[in-house]
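Asker: So that you have it, the file is final-v3.pdb, and it contains PDB, C-alpha atoms:
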```
ATOM      1  CA  MET A   1      15.394 -26.899 -61.961
ATOM      2  CA  ILE A   2      12.694 -24.260 -61.752
ATOM      3  CA  ILE A   3      11.515 -23.208 -58.320
ATOM      4  CA  ASN A   4       7.922 -24.259 -57.817
ATOM      5  CA  VAL A   5       6.001 -22.211 -55.291
ATOM      6  CA  GLY A   6       2.629 -22.815 -53.756
ATOM      7  CA  PRO A   7      -0.437 -20.578 -53.852
ATOM      8  CA  LYS A   8      -0.338 -17.161 -52.261
ATOM      9  CA  ALA A   9      -1.054 -17.178 -48.559
ATOM     10  CA  GLU A  10      -4.498 -15.922 -47.640
ATOM     11  CA  ASP A  11      -3.107 -13.921 -44.772
ATOM     12  CA  ASN A  12       0.607 -13.284 -45.111
ATOM     13  CA  MET A  13       0.905 -11.592 -41.739
ATOM     14  CA  SER A  14      -0.353 -14.702 -39.976
ATOM     15  CA  ARG A  15       2.270 -16.796 -41.769
ATOM     16  CA  LYS A  16       5.236 -14.718 -40.678
ATOM     17  CA  TYR A  17       7.639 -16.043 -38.083
ATOM     18  CA  LYS A  18       6.417 -19.654 -38.375
ATOM     19  CA  PHE A  19       7.245 -22.557 -40.656
ATOM     20  CA  ARG A  20       3.624 -23.225 -41.611
ATOM     21  CA  ASP A  21       4.348 -25.033 -44.890
ATOM     22  CA  LYS A  22       7.119 -27.539 -44.213
ATOM     23  CA  SER A  23       7.924 -27.791 -47.919
ATOM     24  CA  GLY A  24       7.767 -24.039 -48.547
ATOM     25  CA  ILE A  25      10.461 -21.569 -49.534
ATOM     26  CA  TYR A  26      11.491 -19.181 -46.763
ATOM     27  CA  PHE A  27      13.405 -15.971 -46.292
ATOM     28  CA  ILE A  28      15.299 -16.099 -43.007
ATOM     29  CA  SER A  29      17.598 -13.748 -41.149
ATOM     30  CA  PHE A  30      19.432 -14.222 -37.881
ATOM     31  CA  ALA A  31      22.059 -12.217 -36.067
ATOM     32  CA  THR A  32      24.824 -12.635 -33.528
ATOM     33  CA  VAL A  33      24.063 -11.751 -29.908
ATOM     34  CA  PHE A  34      24.187  -8.005 -29.312
ATOM     35  CA  TRP A  35      24.691  -7.625 -33.087
ATOM     36  CA  ILE A  36      28.429  -8.131 -32.618
ATOM     37  CA  ASP A  37      30.505  -7.859 -35.793
ATOM     38  CA  VAL A  38      32.035 -11.315 -35.489
ATOM     39  CA  PHE A  39      32.517 -11.975 -39.200
ATOM     40  CA  THR A  40      35.565  -9.865 -39.827
ATOM     41  CA  ARG A  41      37.978 -12.723 -40.553
ATOM     42  CA  GLN A  42      38.097 -15.315 -43.312
ATOM     43  CA  GLU A  43      38.271 -18.139 -40.757
ATOM     44  CA  TYR A  44      34.807 -17.303 -39.430
ATOM     45  CA  PHE A  45      33.241 -16.802 -42.842
ATOM     46  CA  SER A  46      34.609 -20.207 -43.797
ATOM     47  CA  VAL A  47      32.665 -21.881 -40.981
ATOM     48  CA  LEU A  48      29.408 -20.574 -42.457
ATOM     49  CA  GLU A  49      30.487 -21.474 -45.976
ATOM     50  CA  HIS A  50      31.367 -25.068 -45.119
ATOM     51  CA  SER A  51      28.241 -25.482 -42.985
ATOM     52  CA  ILE A  52      25.966 -24.380 -45.816
ATOM     53  CA  ASP A  53      27.789 -26.626 -48.244
ATOM     54  CA  TYR A  54      27.405 -29.583 -45.867
ATOM     55  CA  CYS A  55      23.686 -28.895 -45.320
ATOM     56  CA  ARG A  56      23.103 -28.756 -49.059
ATOM     57  CA  LYS A  57      24.837 -32.082 -49.619
ATOM     58  CA  GLU A  58      23.796 -34.010 -46.510
ATOM     59  CA  LYS A  59      20.761 -32.356 -44.901
ATOM     60  CA  GLY A  60      18.460 -31.691 -47.853
ATOM     61  CA  MET A  61      18.891 -27.923 -47.830
ATOM     62  CA  GLU A  62      18.225 -25.943 -50.997
ATOM     63  CA  VAL A  63      19.724 -22.441 -50.934
ATOM     64  CA  PHE A  64      18.446 -19.960 -53.508
ATOM     65  CA  ALA A  65      20.158 -16.831 -52.162
ATOM     66  CA  TYR A  66      22.345 -15.802 -49.263
ATOM     67  CA  CYS A  67      24.473 -13.022 -47.854
ATOM     68  CA  PHE A  68      26.867 -13.177 -44.905
ATOM     69  CA  MET A  69      27.252  -9.803 -43.207
ATOM     70  CA  PRO A  70      29.559  -8.936 -40.269
ATOM     71  CA  SER A  71      26.820  -9.396 -37.649
ATOM     72  CA  HIS A  72      24.050 -11.311 -39.406
ATOM     73  CA  VAL A  73      23.143 -13.619 -42.276
ATOM     74  CA  HIS A  74      20.295 -13.830 -44.779
ATOM     75  CA  PHE A  75      19.077 -16.931 -46.649
ATOM     76  CA  ILE A  76      16.344 -17.975 -48.980
ATOM     77  CA  PHE A  77      16.069 -21.704 -48.537
ATOM     78  CA  ARG A  78      13.882 -24.791 -48.590
ATOM     79  CA  SER A  79      14.122 -28.130 -46.803
ATOM     80  CA  ILE A  80      13.522 -30.980 -49.237
ATOM     81  CA  LYS A  81      13.057 -33.218 -46.187
ATOM     82  CA  ASN A  82      10.157 -30.990 -45.061
ATOM     83  CA  ASP A  83      11.855 -30.029 -41.810
ATOM     84  CA  PRO A  84      12.926 -26.381 -42.111
ATOM     85  CA  SER A  85      12.742 -25.814 -38.360
ATOM     86  CA  GLY A  86      14.987 -28.779 -37.564
ATOM     87  CA  LEU A  87      17.380 -27.845 -40.361
ATOM     88  CA  LEU A  88      17.748 -24.298 -39.089
ATOM     89  CA  ARG A  89      18.096 -25.480 -35.489
ATOM     90  CA  ASP A  90      20.895 -27.882 -36.431
ATOM     91  CA  PHE A  91      22.645 -25.280 -38.575
ATOM     92  CA  LYS A  92      22.611 -22.642 -35.843
ATOM     93  CA  GLY A  93      23.619 -25.117 -33.144
ATOM     94  CA  PHE A  94      26.558 -26.489 -35.122
ATOM     95  CA  THR A  95      27.825 -23.126 -36.349
ATOM     96  CA  SER A  96      27.516 -21.653 -32.861
ATOM     97  CA  ARG A  97      29.758 -24.323 -31.353
ATOM     98  CA  LYS A  98      32.169 -24.268 -34.277
ATOM     99  CA  LEU A  99      32.489 -20.469 -34.378
ATOM    100  CA  ILE A 100      33.079 -20.125 -30.657
ATOM    101  CA  GLN A 101      35.762 -22.812 -30.842
ATOM    102  CA  SER A 102      37.315 -21.079 -33.852
ATOM    103  CA  ILE A 103      37.503 -17.837 -31.893
ATOM    104  CA  ILE A 104      39.146 -19.657 -28.983
ATOM    105  CA  ASP A 105      41.665 -21.396 -31.245
ATOM    106  CA  TYR A 106      42.531 -18.464 -33.515
ATOM    107  CA  PRO A 107      45.821 -17.018 -32.196
ATOM    108  CA  LYS A 108      45.430 -13.635 -33.917
ATOM    109  CA  GLU A 109      41.982 -12.861 -32.498
ATOM    110  CA  SER A 110      42.617  -9.629 -30.595
ATOM    111  CA  ARG A 111      39.043  -9.472 -29.282
ATOM    112  CA  LYS A 112      38.979 -13.054 -27.963
ATOM    113  CA  GLU A 113      38.434 -12.331 -24.270
ATOM    114  CA  TRP A 114      35.815  -9.669 -24.964
ATOM    115  CA  LEU A 115      33.921 -11.847 -27.449
ATOM    116  CA  LEU A 116      33.820 -14.819 -25.094
ATOM    117  CA  ARG A 117      32.698 -12.565 -22.258
ATOM    118  CA  MET A 118      29.823 -11.252 -24.394
ATOM    119  CA  PHE A 119      28.791 -14.787 -25.388
ATOM    120  CA  ASP A 120      28.862 -15.748 -21.694
ATOM    121  CA  LYS A 121      26.738 -12.718 -20.842
ATOM    122  CA  ALA A 122      24.141 -13.630 -23.488
ATOM    123  CA  GLY A 123      24.092 -17.235 -22.283
ATOM    124  CA  ARG A 124      23.427 -16.234 -18.669
ATOM    125  CA  LYS A 125      20.358 -14.306 -19.812
ATOM    126  CA  ASN A 126      18.915 -17.322 -21.636
ATOM    127  CA  SER A 127      17.677 -20.300 -19.638
ATOM    128  CA  ASN A 128      17.774 -22.447 -22.789
ATOM    129  CA  VAL A 129      21.543 -22.040 -23.168
ATOM    130  CA  SER A 130      23.906 -24.076 -20.977
ATOM    131  CA  LYS A 131      26.878 -21.729 -21.337
ATOM    132  CA  ARG A 132      27.741 -19.403 -24.198
ATOM    133  CA  GLN A 133      25.264 -18.079 -26.727
ATOM    134  CA  PHE A 134      26.415 -17.030 -30.190
ATOM    135  CA  TRP A 135      23.220 -16.453 -32.227
ATOM    136  CA  GLN A 136      20.140 -14.548 -31.198
ATOM    137  CA  GLN A 137      17.193 -16.904 -30.858
ATOM    138  CA  HIS A 138      14.795 -14.907 -33.021
ATOM    139  CA  ASN A 139      14.761 -16.091 -36.641
ATOM    140  CA  HIS A 140      11.645 -14.524 -38.203
ATOM    141  CA  PRO A 141      11.109 -16.882 -41.171
ATOM    142  CA  ILE A 142       8.891 -15.423 -43.877
ATOM    143  CA  GLU A 143       7.269 -17.757 -46.379
ATOM    144  CA  LEU A 144       7.646 -16.728 -50.019
ATOM    145  CA  TRP A 145       4.615 -17.703 -52.069
ATOM    146  CA  SER A 146       5.429 -16.436 -55.572
ATOM    147  CA  GLU A 147       8.429 -16.039 -57.834
ATOM    148  CA  LYS A 148       7.906 -12.267 -57.824
ATOM    149  CA  VAL A 149       8.245 -12.143 -54.031
ATOM    150  CA  ILE A 150      11.257 -14.461 -54.165
ATOM    151  CA  LEU A 151      12.986 -12.114 -56.617
ATOM    152  CA  GLN A 152      12.177  -9.124 -54.401
ATOM    153  CA  LYS A 153      13.807 -10.830 -51.424
ATOM    154  CA  ILE A 154      16.811 -11.892 -53.489
ATOM    155  CA  ASN A 155      17.373  -8.280 -54.479
ATOM    156  CA  TYR A 156      16.954  -7.199 -50.855
ATOM    157  CA  ILE A 157      19.591  -9.723 -49.760
ATOM    158  CA  HIS A 158      22.043  -8.754 -52.488
ATOM    159  CA  ASN A 159      21.690  -5.046 -51.735
ATOM    160  CA  ASN A 160      22.647  -5.504 -48.062
ATOM    161  CA  PRO A 161      26.389  -4.810 -48.516
ATOM    162  CA  ILE A 162      25.568  -1.766 -50.675
ATOM    163  CA  ARG A 163      23.209  -0.308 -48.081
ATOM    164  CA  ALA A 164      25.874  -0.887 -45.421
ATOM    165  CA  GLY A 165      28.366   1.075 -47.507
ATOM    166  CA  PHE A 166      30.827  -1.799 -47.908
ATOM    167  CA  VAL A 167      30.644  -1.974 -51.716
ATOM    168  CA  THR A 168      29.142  -0.076 -54.622
ATOM    169  CA  ASP A 169      28.265  -3.197 -56.618
ATOM    170  CA  SER A 170      26.685  -6.263 -55.024
ATOM    171  CA  VAL A 171      28.978  -8.710 -56.849
ATOM    172  CA  GLU A 172      31.975  -7.165 -55.069
ATOM    173  CA  TRP A 173      30.880  -8.692 -51.758
ATOM    174  CA  LYS A 174      32.531 -12.111 -51.570
ATOM    175  CA  TYR A 175      29.948 -13.918 -49.465
ATOM    176  CA  SER A 176      26.820 -13.072 -51.422
ATOM    177  CA  SER A 177      24.881 -15.032 -54.006
ATOM    178  CA  ALA A 178      24.919 -11.918 -56.192
ATOM    179  CA  ARG A 179      28.079 -13.500 -57.580
ATOM    180  CA  ASN A 180      26.233 -16.756 -58.323
ATOM    181  CA  TYR A 181      23.594 -14.944 -60.336
ATOM    182  CA  GLN A 182      26.406 -13.588 -62.495
ATOM    183  CA  GLY A 183      27.637 -17.127 -63.163
ATOM    184  CA  ASP A 184      30.317 -17.297 -60.444
ATOM    185  CA  GLN A 185      29.868 -20.407 -58.268
ATOM    186  CA  THR A 186      33.460 -20.456 -56.995
ATOM    187  CA  VAL A 187      32.748 -19.284 -53.429
ATOM    188  CA  LEU A 188      29.590 -21.181 -52.496
ATOM    189  CA  LYS A 189      27.280 -23.043 -54.835
ATOM    190  CA  ILE A 190      23.549 -22.420 -54.623
ATOM    191  CA  ASP A 191      20.432 -23.925 -56.176
ATOM    192  CA  ASN A 192      19.596 -21.048 -58.507
ATOM    193  CA  GLU A 193      19.047 -22.882 -61.779
ATOM    194  CA  GLY A 194      16.036 -21.417 -63.525
ATOM    195  CA  ILE A 195      16.244 -18.010 -61.825
ATOM    196  CA  ASP A 196      17.794 -15.019 -63.563
ATOM    197  CA  ILE A 197      17.759 -11.609 -61.918
ATOM    198  CA  THR A 198      20.638 -10.108 -63.889
ATOM    199  CA  LEU A 199      18.553  -7.177 -65.054
ATOM    200  CA  ASN A 200      17.454  -6.399 -61.500
ATOM    201  CA  ARG A 201      20.949  -6.201 -60.041
ATOM    202  CA  SER A 202      21.807  -2.838 -58.525
ATOM    203  CA  LYS A 203      24.640  -0.931 -60.148
TER     204      LYS A 203
END
```
Write out the structure in this file as structure tokens.

Answerer:
Amino acid sequence: MIINVGPKAEDNMSRKYKFRDKSGIYFISFATVFWIDVFTRQEYFSVLEHSIDYCRKEKGMEVFAYCFMPSHVHFIFRSIKNDPSGLLRDFKGFTSRKLIQSIIDYPKESRKEWLLRMFDKAGRKNSNVSKRQFWQQHNHPIELWSEKVILQKINYIHNNPIRAGFVTDSVEWKYSSARNYQGDQTVLKIDNEGIDITLNRSK
């Protein structure tokens, strides 16, 4: 499957931060409230992993690249049901509830009380949240209109752990599609058939 992209936007700046083309391919990033480093345990990474896998199989989500960082995530995705906003809303809502419950249930979570207090604090500041808030509301989707731009964003995503100083090679970061583009689909499968950025991978 080759990714088909539409014509270049006439005014890219006006297309930022909105899902203008419901069938388009988007780069998206979102972070935990207060940029808290929540994802420091396998249990929490697994919630994201299983949620993405479910959305691919059941919600019509195509994922072309991703990276899970301690306080934020990056995706390049498309909704084959032409509802990227609804897909993202459901993903964030489900993972928020699931992650908070995982923190509550995990007996070895030494920061449990502090984390829940911070989620409560964020929720009190947001009239749209009934209690605790896990994710920041701002998503900033950016439509990608050409394969060149898609490849640029893929490289940006894969270089995140390197820029953060966690690894020296992008494939060393477990929850990154850099591994997929080297033929390793064992962690989380993506829809990258037809894309090869091997030569662009940072060393």

Asker: Residues within 10 Å of Leu87 (chain A), please, as a VMD selection string. Count all atoms listed in the file; anything in the same chain fewer than 5 positions from it doesn't count.

Answerer: chain A and resid 55 59 to 61 78 to 79 81 to 82 92 to 93

Asker: Exactly which residues make up the result of the PyMOL selection byres ((chain A and resi 22-26) around 7) on this file, given as a list of chain:residue names?

Answerer: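 Answer for the PyMOL selection byres ((chain A and resi 22-26) around 7): A:Phe19, A:Arg20, A:Asp21, A:Phe27, A:Ile28, A:Ile76, A:Phe77, A:Arg78, A:Ser79, A:Ile80, A:Asn82, A:Asp83, A:Pro84, A:Pro141, A:Ile142, A:Glu143, A:Leu144.
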
Asker: Go ahead and write the residues just picked, C-alpha atoms, as a PDB file, in the frame of the given file.

Answerer:
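The resulting file, result-v1.pdb, is reproduced below:
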```pdb
ATOM      1  CA  PHE A  19       7.245 -22.557 -40.656  1.00  0.00           C
ATOM      2  CA  ARG A  20       3.624 -23.225 -41.611  1.00  0.00           C
ATOM      3  CA  ASP A  21       4.348 -25.033 -44.890  1.00  0.00           C
ATOM      4  CA  PHE A  27      13.405 -15.971 -46.292  1.00  0.00           C
ATOM      5  CA  ILE A  28      15.299 -16.099 -43.007  1.00  0.00           C
ATOM      6  CA  ILE A  76      16.344 -17.975 -48.980  1.00  0.00           C
ATOM      7  CA  PHE A  77      16.069 -21.704 -48.537  1.00  0.00           C
ATOM      8  CA  ARG A  78      13.882 -24.791 -48.590  1.00  0.00           C
ATOM      9  CA  SER A  79      14.122 -28.130 -46.803  1.00  0.00           C
ATOM     10  CA  ILE A  80      13.522 -30.980 -49.237  1.00  0.00           C
ATOM     11  CA  ASN A  82      10.157 -30.990 -45.061  1.00  0.00           C
ATOM     12  CA  ASP A  83      11.855 -30.029 -41.810  1.00  0.00           C
ATOM     13  CA  PRO A  84      12.926 -26.381 -42.111  1.00  0.00           C
ATOM     14  CA  PRO A 141      11.109 -16.882 -41.171  1.00  0.00           C
ATOM     15  CA  ILE A 142       8.891 -15.423 -43.877  1.00  0.00           C
ATOM     16  CA  GLU A 143       7.269 -17.757 -46.379  1.00  0.00           C
ATOM     17  CA  LEU A 144       7.646 -16.728 -50.019  1.00  0.00           C
TER      18      LEU A 144
END
```

Asker: Could you check how far CA of Thr95 (chain A) sits from CA of Ser170 (chain A), in Å to one decimal?

Answerer: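 Separating CA of Thr95 (chain A) from CA of Ser170 (chain A) is a distance of 25.2 Å.
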
Asker: Taking into account only C-alpha atoms, which residue in the set A:Met69, A:Glu147, A:Arg132, A:Glu49 is nearest to Gly165 (chain A)?

Answerer: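 Smallest separation from Gly165 (chain A) among the options: A:Met69.
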
Asker: Could you work out how far CA of Phe134 (chain A) lies from CA of Ala178 (chain A), giving the answer in Å with one decimal?

Answerer: 26.5 Å

Asker: Looking at A:Lys112, A:Ala31, A:Phe91, A:Gln182, which one is nearest to Glu58 (chain A), with distances taken over only C-alpha atoms?

Answerer: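 Nearest to Glu58 (chain A): A:Phe91.
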
Asker: Which residues would end up in the selection if the PyMOL selection byres ((chain A and resi 140) around 8) were applied here, given that I need the answer as a CSV table (one decimal) with C-alpha atoms, in the frame of the given file?

Answerer:
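Listing of expr14.csv after writing:
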```
chain,number,residue,atom,x,y,z
A,16,LYS,CA,5.2,-14.7,-40.7
A,17,TYR,CA,7.6,-16.0,-38.1
A,18,LYS,CA,6.4,-19.7,-38.4
A,28,ILE,CA,15.3,-16.1,-43.0
A,29,SER,CA,17.6,-13.7,-41.1
A,30,PHE,CA,19.4,-14.2,-37.9
A,138,HIS,CA,14.8,-14.9,-33.0
A,139,ASN,CA,14.8,-16.1,-36.6
A,141,PRO,CA,11.1,-16.9,-41.2
A,142,ILE,CA,8.9,-15.4,-43.9
```

Asker: At what distance in Å, to one decimal, does CA of Thr32 (chain A) lie from CA of His72 (chain A)?

Answerer: 6.1 Å

Asker: For Glu172 (chain A), please output as a ChimeraX atom specification all residues within 12 Å (counting only C-alpha atoms; exclusion window: fewer than 3 positions along the same chain).

Answerer: /A:67,158-162,165-169,175-180,182,184,202-203

Asker: The PyMOL selection byres ((chain A and resi 188) around 12) - which residues does that actually catch in the file I just gave you? List them as a PDB file with C-alpha atoms, keeping the file's coordinate frame.

Answerer:
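Written file, result26.pdb:
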```
ATOM      1  CA  PHE A  45      33.241 -16.802 -42.842  1.00  0.00           C
ATOM      2  CA  SER A  46      34.609 -20.207 -43.797  1.00  0.00           C
ATOM      3  CA  VAL A  47      32.665 -21.881 -40.981  1.00  0.00           C
ATOM      4  CA  LEU A  48      29.408 -20.574 -42.457  1.00  0.00           C
ATOM      5  CA  GLU A  49      30.487 -21.474 -45.976  1.00  0.00           C
ATOM      6  CA  HIS A  50      31.367 -25.068 -45.119  1.00  0.00           C
ATOM      7  CA  SER A  51      28.241 -25.482 -42.985  1.00  0.00           C
ATOM      8  CA  ILE A  52      25.966 -24.380 -45.816  1.00  0.00           C
ATOM      9  CA  ASP A  53      27.789 -26.626 -48.244  1.00  0.00           C
ATOM     10  CA  TYR A  54      27.405 -29.583 -45.867  1.00  0.00           C
ATOM     11  CA  ARG A  56      23.103 -28.756 -49.059  1.00  0.00           C
ATOM     12  CA  VAL A  63      19.724 -22.441 -50.934  1.00  0.00           C
ATOM     13  CA  PHE A  64      18.446 -19.960 -53.508  1.00  0.00           C
ATOM     14  CA  ALA A  65      20.158 -16.831 -52.162  1.00  0.00           C
ATOM     15  CA  TYR A  66      22.345 -15.802 -49.263  1.00  0.00           C
ATOM     16  CA  CYS A  67      24.473 -13.022 -47.854  1.00  0.00           C
ATOM     17  CA  PHE A  68      26.867 -13.177 -44.905  1.00  0.00           C
ATOM     18  CA  LYS A 174      32.531 -12.111 -51.570  1.00  0.00           C
ATOM     19  CA  TYR A 175      29.948 -13.918 -49.465  1.00  0.00           C
ATOM     20  CA  SER A 176      26.820 -13.072 -51.422  1.00  0.00           C
ATOM     21  CA  SER A 177      24.881 -15.032 -54.006  1.00  0.00           C
ATOM     22  CA  ALA A 178      24.919 -11.918 -56.192  1.00  0.00           C
ATOM     23  CA  ARG A 179      28.079 -13.500 -57.580  1.00  0.00           C
ATOM     24  CA  ASN A 180      26.233 -16.756 -58.323  1.00  0.00           C
ATOM     25  CA  TYR A 181      23.594 -14.944 -60.336  1.00  0.00           C
ATOM     26  CA  GLY A 183      27.637 -17.127 -63.163  1.00  0.00           C
ATOM     27  CA  ASP A 184      30.317 -17.297 -60.444  1.00  0.00           C
ATOM     28  CA  GLN A 185      29.868 -20.407 -58.268  1.00  0.00           C
ATOM     29  CA  THR A 186      33.460 -20.456 -56.995  1.00  0.00           C
ATOM     30  CA  VAL A 187      32.748 -19.284 -53.429  1.00  0.00           C
ATOM     31  CA  LYS A 189      27.280 -23.043 -54.835  1.00  0.00           C
ATOM     32  CA  ILE A 190      23.549 -22.420 -54.623  1.00  0.00           C
ATOM     33  CA  ASP A 191      20.432 -23.925 -56.176  1.00  0.00           C
ATOM     34  CA  ASN A 192      19.596 -21.048 -58.507  1.00  0.00           C
TER      35      ASN A 192
END
```

Asker: With only C-alpha atoms as the counted atoms, please give the residues lying no more than 10 Å from Glu43 (chain A), apart from itself and same-chain residues fewer than 6 positions off, as a PyMOL selection string.

Answerer: chain A and resi 49+99+102-103+106

Asker: For the residues in that selection, give me C-alpha atoms as a PDB file, in the coordinates of the input.

Answerer:
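Output contents, as saved in again-v3.pdb:
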```
ATOM      1  CA  GLU A  49      30.487 -21.474 -45.976  1.00  0.00           C
ATOM      2  CA  LEU A  99      32.489 -20.469 -34.378  1.00  0.00           C
ATOM      3  CA  SER A 102      37.315 -21.079 -33.852  1.00  0.00           C
ATOM      4  CA  ILE A 103      37.503 -17.837 -31.893  1.00  0.00           C
ATOM      5  CA  TYR A 106      42.531 -18.464 -33.515  1.00  0.00           C
TER       6      TYR A 106
END
```

Asker: Pick from A:His74, A:Gln137, A:Arg117, A:Lys125: nearest to Ser96 (chain A), with all atoms listed in the file counted?

Answerer: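 Among the listed residues, the smallest separation from Ser96 (chain A) belongs to A:Gln137.
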
Asker: Return the padded bounding box of region 156-167 of chain A as lines of an AutoDock Vina configuration file: axis-aligned, built from all atoms listed in the file, 5 Å added on each side, with centre and edge lengths in Å to one decimal.

Answerer:
```
center_x = 23.9
center_y = -4.3
center_z = -49.0
size_x = 23.9
size_y = 20.8
size_z = 17.1
```
